$ cat protein16.tsv   # TSV, C-alpha atoms and all ligand atoms
chain	number	residue	atom	x	y	z
C	698	MET	CA	0.36	25.06	-17.53
C	699	SER	CA	-0.34	22.89	-14.53
C	700	MET	CA	2.42	20.83	-12.94
C	701	ARG	CA	0.21	17.87	-13.81
C	702	ASP	CA	0.97	18.47	-17.50
C	703	ASP	CA	4.60	17.46	-16.79
C	704	ILE	CA	3.54	13.94	-15.76
C	705	ALA	CA	3.72	11.18	-18.39
C	706	LYS	CA	2.03	8.49	-16.34
C	707	VAL	CA	0.50	7.90	-12.91
C	708	LEU	CA	2.29	5.09	-11.05
C	709	ALA	CA	0.27	5.23	-7.83
C	710	SER	CA	-2.97	7.22	-7.60
C	711	GLU	CA	-4.28	8.92	-4.46
C	712	ASP	CA	-6.61	5.95	-3.93
C	713	ASP	CA	-3.75	3.44	-4.45
C	714	ILE	CA	-1.61	5.28	-1.90
C	715	ARG	CA	-4.39	5.54	0.65
C	716	ALA	CA	-5.25	1.84	0.38
C	717	ARG	CA	-1.63	0.71	0.59
C	718	ILE	CA	-0.86	2.88	3.61
C	719	LYS	CA	-3.89	1.42	5.37
C	720	GLU	CA	-2.42	-2.07	4.82
C	721	LEU	CA	1.06	-1.04	5.97
C	722	GLY	CA	-0.46	0.64	9.02
C	723	ALA	CA	-2.37	-2.52	9.96
C	724	ARG	CA	0.83	-4.60	9.73
C	725	ILE	CA	2.88	-2.15	11.77
C	726	THR	CA	0.06	-1.87	14.34
C	727	GLU	CA	0.15	-5.66	14.77
C	728	ASP	CA	3.96	-5.95	14.77
C	729	TYR	CA	4.42	-3.20	17.39
C	730	LYS	CA	1.35	-3.75	19.56
C	731	ASP	CA	3.43	-4.38	22.70
C	732	LYS	CA	6.06	-1.75	21.92
C	733	GLU	CA	6.36	2.00	21.69
C	734	PRO	CA	8.31	2.67	18.50
C	735	VAL	CA	9.87	5.92	17.38
C	736	PHE	CA	9.16	6.76	13.77
C	737	VAL	CA	12.13	8.59	12.27
C	738	GLY	CA	11.18	10.40	9.09
C	739	VAL	CA	13.93	11.21	6.61
C	740	LEU	CA	13.11	14.65	5.24
C	741	LYS	CA	12.19	16.19	3.02
C	742	GLY	CA	10.79	13.44	0.80
C	743	CYS	CA	8.95	11.62	3.61
C	744	PHE	CA	6.80	14.49	4.84
C	745	LEU	CA	3.47	13.40	3.34
C	746	PHE	CA	4.04	9.66	3.71
C	747	MET	CA	5.09	10.07	7.34
C	748	ALA	CA	2.00	12.13	8.14
C	749	ASP	CA	-0.34	9.56	6.60
C	750	LEU	CA	1.54	6.48	7.86
C	751	VAL	CA	1.60	7.42	11.55
C	752	ARG	CA	-2.15	8.10	11.42
C	753	ALA	CA	-2.65	4.61	9.98
C	754	CYS	CA	-0.71	3.04	12.88
C	755	ASP	CA	-2.75	2.55	16.04
C	756	VAL	CA	0.22	2.29	18.39
C	757	ARG	CA	1.73	4.42	21.13
C	758	CYS	CA	4.72	6.04	19.47
C	759	THR	CA	6.90	9.09	19.21
C	760	VAL	CA	8.17	10.80	16.08
C	761	ASP	CA	11.47	12.36	15.15
C	762	PHE	CA	13.00	13.65	11.93
C	763	MET	CA	16.34	13.80	10.26
C	764	VAL	CA	17.26	15.89	7.26
C	765	VAL	CA	19.79	14.27	4.99
C	766	SER	CA	20.95	15.19	1.57
C	767	SER	CA	22.51	12.95	-1.04
C	768	TYR	CA	21.44	14.10	-4.46
C	769	GLY	CA	22.16	17.80	-4.93
C	770	ALA	CA	20.14	19.13	-7.86
C	771	GLY	CA	20.76	16.20	-10.22
C	772	THR	CA	18.98	12.89	-10.67
C	773	ILE	CA	21.94	10.61	-9.90
C	774	SER	CA	23.02	9.86	-6.33
C	775	SER	CA	26.53	11.09	-5.56
C	776	GLY	CA	27.03	8.39	-2.92
C	777	ALA	CA	27.85	10.84	-0.15
C	778	VAL	CA	25.27	11.42	2.59
C	779	GLU	CA	25.25	14.64	4.54
C	780	ILE	CA	23.36	15.01	7.82
C	781	VAL	CA	21.76	18.42	7.71
C	782	LYS	CA	19.62	17.86	10.83
C	783	ASP	CA	20.31	15.11	13.34
C	784	LEU	CA	17.88	13.23	15.60
C	785	SER	CA	16.39	15.41	18.35
C	786	HIS	CA	16.05	12.59	20.89
C	787	ASP	CA	18.16	9.67	22.08
C	788	ILE	CA	17.20	6.37	20.40
C	789	ALA	CA	19.15	4.08	22.77
C	790	GLY	CA	16.91	1.13	23.71
C	791	ARG	CA	14.13	2.29	21.35
C	792	ASP	CA	12.41	0.39	18.55
C	793	VAL	CA	13.20	2.59	15.57
C	794	ILE	CA	11.13	2.65	12.38
C	795	ILE	CA	12.90	4.66	9.67
C	796	VAL	CA	10.40	6.21	7.25
C	797	GLU	CA	11.58	6.94	3.70
C	798	ASP	CA	9.80	7.96	0.54
C	799	ILE	CA	12.09	5.99	-1.76
C	800	LEU	CA	14.79	3.34	-1.55
C	801	ASP	CA	16.88	3.75	-4.67
C	802	SER	CA	20.64	3.02	-4.69
C	803	GLY	CA	20.33	2.32	-0.96
C	804	ASN	CA	23.18	4.70	-0.09
C	805	THR	CA	21.08	6.85	2.20
C	806	LEU	CA	19.46	4.00	4.15
C	807	SER	CA	22.60	1.89	4.49
C	808	TYR	CA	24.36	4.94	5.91
C	809	LEU	CA	21.45	5.80	8.21
C	810	LYS	CA	21.12	2.23	9.46
C	811	ARG	CA	24.82	2.17	10.44
C	812	TYR	CA	24.55	5.65	11.94
C	813	MET	CA	21.56	4.69	14.09
C	814	ASN	CA	22.89	1.25	15.02
C	815	ALA	CA	25.85	2.97	16.65
C	816	ARG	CA	23.35	4.63	19.02
C	817	GLU	CA	22.24	1.19	20.27
C	818	PRO	CA	18.50	1.07	19.63
C	819	ALA	CA	16.57	-2.09	20.59
C	820	SER	CA	15.68	-2.64	16.92
C	821	ILE	CA	15.63	-0.90	13.56
C	822	ARG	CA	13.19	-1.48	10.74
C	823	ILE	CA	12.73	0.42	7.52
C	824	VAL	CA	9.48	1.41	5.86
C	825	THR	CA	9.65	2.91	2.39
C	826	LEU	CA	6.78	4.04	0.25
C	827	LEU	CA	8.64	3.20	-2.97
C	828	ASP	CA	11.30	0.61	-3.70
C	829	LYS	CA	13.35	0.73	-6.90
C	830	PRO	CA	15.30	-2.55	-6.65
C	831	ASP	CA	16.84	-2.25	-10.15
C	832	ARG	CA	19.00	0.62	-8.97
C	833	ARG	CA	20.31	-0.92	-5.75
C	834	THR	CA	24.07	-0.79	-5.20
C	835	ALA	CA	24.20	-0.82	-1.37
C	836	ASP	CA	23.28	-3.91	0.65
C	837	VAL	CA	20.06	-2.74	2.27
C	838	GLU	CA	16.41	-3.80	2.05
C	839	ALA	CA	13.21	-2.38	3.52
C	840	ASP	CA	11.02	-4.33	5.96
C	841	TYR	CA	7.80	-2.70	4.76
C	842	ILE	CA	7.36	-1.57	1.15
C	843	GLY	CA	4.49	0.42	-0.30
C	844	PHE	CA	5.12	-0.08	-4.01
C	845	THR	CA	7.92	-1.73	-5.96
C	846	ILE	CA	8.49	0.42	-9.02
C	847	PRO	CA	10.54	0.30	-12.24
C	848	ASP	CA	13.56	2.51	-12.86
C	849	ALA	CA	11.67	5.62	-13.93
C	850	PHE	CA	12.03	9.20	-12.71
C	851	VAL	CA	9.16	9.58	-10.26
C	852	VAL	CA	7.83	12.66	-8.50
C	853	GLY	CA	4.93	13.63	-6.28
C	854	TYR	CA	3.60	12.79	-2.82
C	855	GLY	CA	6.79	14.21	-1.31
C	856	LEU	CA	9.24	13.30	-4.06
C	857	ASP	CA	10.81	16.12	-6.01
C	858	TYR	CA	12.60	17.01	-9.15
C	859	ASP	CA	14.78	20.04	-8.39
C	860	GLN	CA	12.62	20.65	-5.26
C	861	ARG	CA	9.38	20.83	-7.27
C	862	TYR	CA	6.33	18.51	-7.56
C	863	ARG	CA	6.42	17.48	-3.87
C	864	ASN	CA	2.80	18.66	-3.51
C	865	LEU	CA	1.48	16.52	-6.36
C	866	PRO	CA	-1.00	14.27	-4.50
C	867	TYR	CA	-0.03	11.09	-6.40
C	868	ILE	CA	3.15	9.40	-7.67
C	869	GLY	CA	3.83	10.10	-11.32
C	870	VAL	CA	6.55	9.53	-13.89
C	871	LEU	CA	8.04	12.81	-15.05
C	872	LYS	CA	8.10	13.46	-18.80
C	873	PRO	CA	11.73	13.14	-19.96
C	874	GLU	CA	11.65	16.52	-21.69
C	875	VAL	CA	11.19	18.16	-18.28
C	876	TYR	CA	14.60	17.05	-16.97
C	877	SER	CA	16.65	16.55	-20.15
L	1	LIG	C1	15.93	10.86	-1.70
L	1	LIG	C2	15.04	9.99	-0.83
L	1	LIG	C3	16.01	9.13	-0.10
L	1	LIG	C4	17.16	8.99	-1.06
L	1	LIG	C5	17.05	7.65	-1.70
L	1	LIG	O1	16.33	11.95	-0.95
L	1	LIG	O2	14.25	10.76	0.04
L	1	LIG	O3	16.46	9.75	1.09
L	1	LIG	O4	17.03	10.01	-2.03
L	1	LIG	O5	18.09	7.44	-2.62
L	1	LIG	P1	19.25	6.39	-2.40
L	1	LIG	O6	18.62	5.06	-2.03
L	1	LIG	O7	19.90	6.35	-3.77
L	1	LIG	O8	20.18	6.89	-1.34
L	1	LIG	P2	16.97	13.29	-1.53
L	1	LIG	O9	18.44	13.31	-1.23
L	1	LIG	O10	16.54	13.47	-2.96
L	1	LIG	O11	16.36	14.43	-0.61
L	1	LIG	P3	14.83	14.82	-0.29
L	1	LIG	O12	14.30	13.75	0.66
L	1	LIG	O13	14.94	16.15	0.36
L	1	LIG	O14	14.06	14.84	-1.59
$ encode --input "protein16.tsv" --output "structure tokens"
Amino acid sequence: MSMRDDIAKVLASEDDIRARIKELGARITEDYKDKEPVFVGVLKGCFLFMADLVRACDVRCTVDFMVVSSYGAGTISSGAVEIVKDLSHDIAGRDVIIVEDILDSGNTLSYLKRYMNAREPASIRIVTLLDKPDRRTADVEADYIGFTIPDAFVVGYGLDYDQRYRNLPYIGVLKPEVYS
């Protein structure tokens, strides 16, 4: 059976994603035309979005990555954020654009925003491919949002369930029988 058979519904197709990233890229290109931002991808979920987003942004920039972990193997955020891999370069004085695949409870991004603010960047903005506002418990919002989605368990285009489905080229809702 293909991994695609585990998907109940497509939330954002490959074409939807491509078109939306083009729009986000145009906005970021305009907003940062006189700057040289550093895109900080939050791995692992961001890896495909980051790759496509930076190519849609016609700006001088650098890239960096952090690896953080908040979920373990379950589907509910534990609240704790662990830094598995820190920034490789100093962000003091830089215009930081944090790149996430999904903003859910907001725990990860509120922690990362505080963490990076302490390193005195010139500015911090957040771009997230997916926003799930119904689940928000932390006080954090994204500056650029790809798609606002309902509270469903989504996988694909970088997002996993138990580390799988990240290579699915679109965003889909996982069939409940797969994780229950
Ligand atoms: C996911 C996602 C965000 C976070 C969002 O990461 O990439 O970092 O959860 O959830 P929150 O808003 O409730 O904090 P995850 O810990 O699953 O790791 P991954 O990126 O390796 O998939």
$ atom_distance --input "protein16.tsv" --atom1 "atom CA of Lys782 of chain C" --atom2 "atom CA of Gly738 of chain C"
11.4 Å
$ residues_near_point --input "protein16.tsv" --point "(7.4, 6.5, -14.1)" --cutoff "7 Å" --atoms "only C-alpha atoms" --output "list in words"
Lys706, Leu708, Ala849, Phe850, Val851, Gly869, Val870 and Leu871 of chain C
$ residues_around --input "protein16.tsv" --residues "Asn804 of chain C" --least-positions-apart "6" --cutoff "9 Å" --atoms "all atoms listed in the file" --output "list in words"
Ser767, Ser774, Gly776, Ala777, Val778, Arg833, Thr834, Ala835, Asp836 and Val837 of chain C
$ closest_residue --input "protein16.tsv" --among "C:Val764, C:Ile704, C:Val875, C:Met747" --to "ligand LIG 1 (chain L)" --atoms "all atoms listed in the file"
C:Val764
$ axis_aligned_box --input "protein16.tsv" --around "segment 857-860 of chain C" --padding-each-side "6 Å" --output "JSON"
{"center_x": 12.8, "center_y": 18.4, "center_z": -7.2, "size_x": 16.0, "size_y": 16.5, "size_z": 15.9}
$ residues_near_ligand --input "protein16.tsv" --ligand "ligand LIG 1 (chain L)" --cutoff "9 Å" --atoms "only C-alpha atoms and all ligand atoms" --output "ChimeraX atom specification"
/C:739-744,764-778,797-808,828-829,832-835,855-860,863
$ closest_residue --input "protein16.tsv" --among "C:Arg822, C:Lys719, C:Lys872, C:Lys730" --to "Val751 of chain C" --atoms "all atoms listed in the file"
C:Lys719
$ residues_around --input "protein16.tsv" --residues "Ala709 of chain C" --least-positions-apart "6" --cutoff "9 Å" --atoms "all atoms listed in the file" --output "list in words"
Phe844, Tyr867, Ile868 and Gly869 of chain C
$ residues_around --input "protein16.tsv" --residues "Asp787 of chain C" --least-positions-apart "5" --cutoff "12 Å" --atoms "all atoms listed in the file" --output "list in words"
Val735, Val737, Thr759, Val760, Asp761, Asp792, Val793, Met813, Asn814, Ala815, Arg816, Glu817, Pro818 and Ala819 of chain C
$ decode --input "protein16.tsv" --residues "segment 854-870 of chain C" --atoms "N, CA, C and O atoms" --output "compact mmCIF listing (two decimals), in the first residue's frame"
# COMPACT_ATOMS: atom_id res chain seq x y z
N TYR C 854 4.76 17.23 2.93
CA TYR C 854 5.55 18.42 2.62
C TYR C 854 6.39 18.84 3.85
O TYR C 854 6.43 19.99 4.25
N GLY C 855 7.02 17.86 4.47
CA GLY C 855 7.89 18.12 5.62
C GLY C 855 7.30 17.69 6.95
O GLY C 855 8.02 17.36 7.89
N LEU C 856 5.97 17.68 7.03
CA LEU C 856 5.33 17.34 8.32
C LEU C 856 5.19 15.83 8.46
O LEU C 856 4.84 15.15 7.49
N ASP C 857 5.42 15.37 9.68
CA ASP C 857 5.44 13.93 9.90
C ASP C 857 4.34 13.45 10.83
O ASP C 857 3.74 14.22 11.57
N TYR C 858 4.10 12.14 10.77
CA TYR C 858 3.51 11.44 11.90
C TYR C 858 4.50 10.33 12.23
O TYR C 858 4.80 9.49 11.37
N ASP C 859 5.04 10.36 13.45
CA ASP C 859 6.03 9.37 13.87
C ASP C 859 7.18 9.26 12.86
O ASP C 859 7.64 8.18 12.52
N GLN C 860 7.62 10.43 12.38
CA GLN C 860 8.76 10.60 11.45
C GLN C 860 8.45 10.19 10.00
O GLN C 860 9.29 10.33 9.12
N ARG C 861 7.24 9.72 9.74
CA ARG C 861 6.91 9.31 8.37
C ARG C 861 6.07 10.37 7.64
O ARG C 861 5.59 11.29 8.26
N TYR C 862 5.92 10.21 6.36
CA TYR C 862 5.09 11.05 5.46
C TYR C 862 5.73 12.39 5.11
O TYR C 862 5.13 13.19 4.43
N ARG C 863 6.97 12.66 5.59
CA ARG C 863 7.57 13.97 5.30
C ARG C 863 7.76 14.16 3.80
O ARG C 863 7.79 15.28 3.31
N ASN C 864 7.93 13.08 3.06
CA ASN C 864 8.20 13.17 1.62
C ASN C 864 6.94 13.22 0.76
O ASN C 864 7.04 13.31 -0.47
N LEU C 865 5.77 13.16 1.39
CA LEU C 865 4.54 13.33 0.62
C LEU C 865 4.57 14.74 0.02
O LEU C 865 4.80 15.71 0.75
N PRO C 866 4.34 14.90 -1.30
CA PRO C 866 4.58 16.23 -1.89
C PRO C 866 3.47 17.25 -1.66
O PRO C 866 3.57 18.37 -2.12
N TYR C 867 2.42 16.86 -0.94
CA TYR C 867 1.33 17.80 -0.63
C TYR C 867 0.98 17.68 0.84
O TYR C 867 1.52 16.82 1.56
N ILE C 868 0.07 18.57 1.32
CA ILE C 868 -0.37 18.51 2.72
C ILE C 868 -1.68 17.74 2.76
O ILE C 868 -2.65 18.12 2.09
N GLY C 869 -1.72 16.69 3.55
CA GLY C 869 -2.93 15.88 3.65
C GLY C 869 -3.34 15.66 5.09
O GLY C 869 -2.53 15.79 6.01
N VAL C 870 -4.61 15.31 5.25
CA VAL C 870 -5.12 14.93 6.58
C VAL C 870 -4.97 13.42 6.70
O VAL C 870 -5.42 12.68 5.83
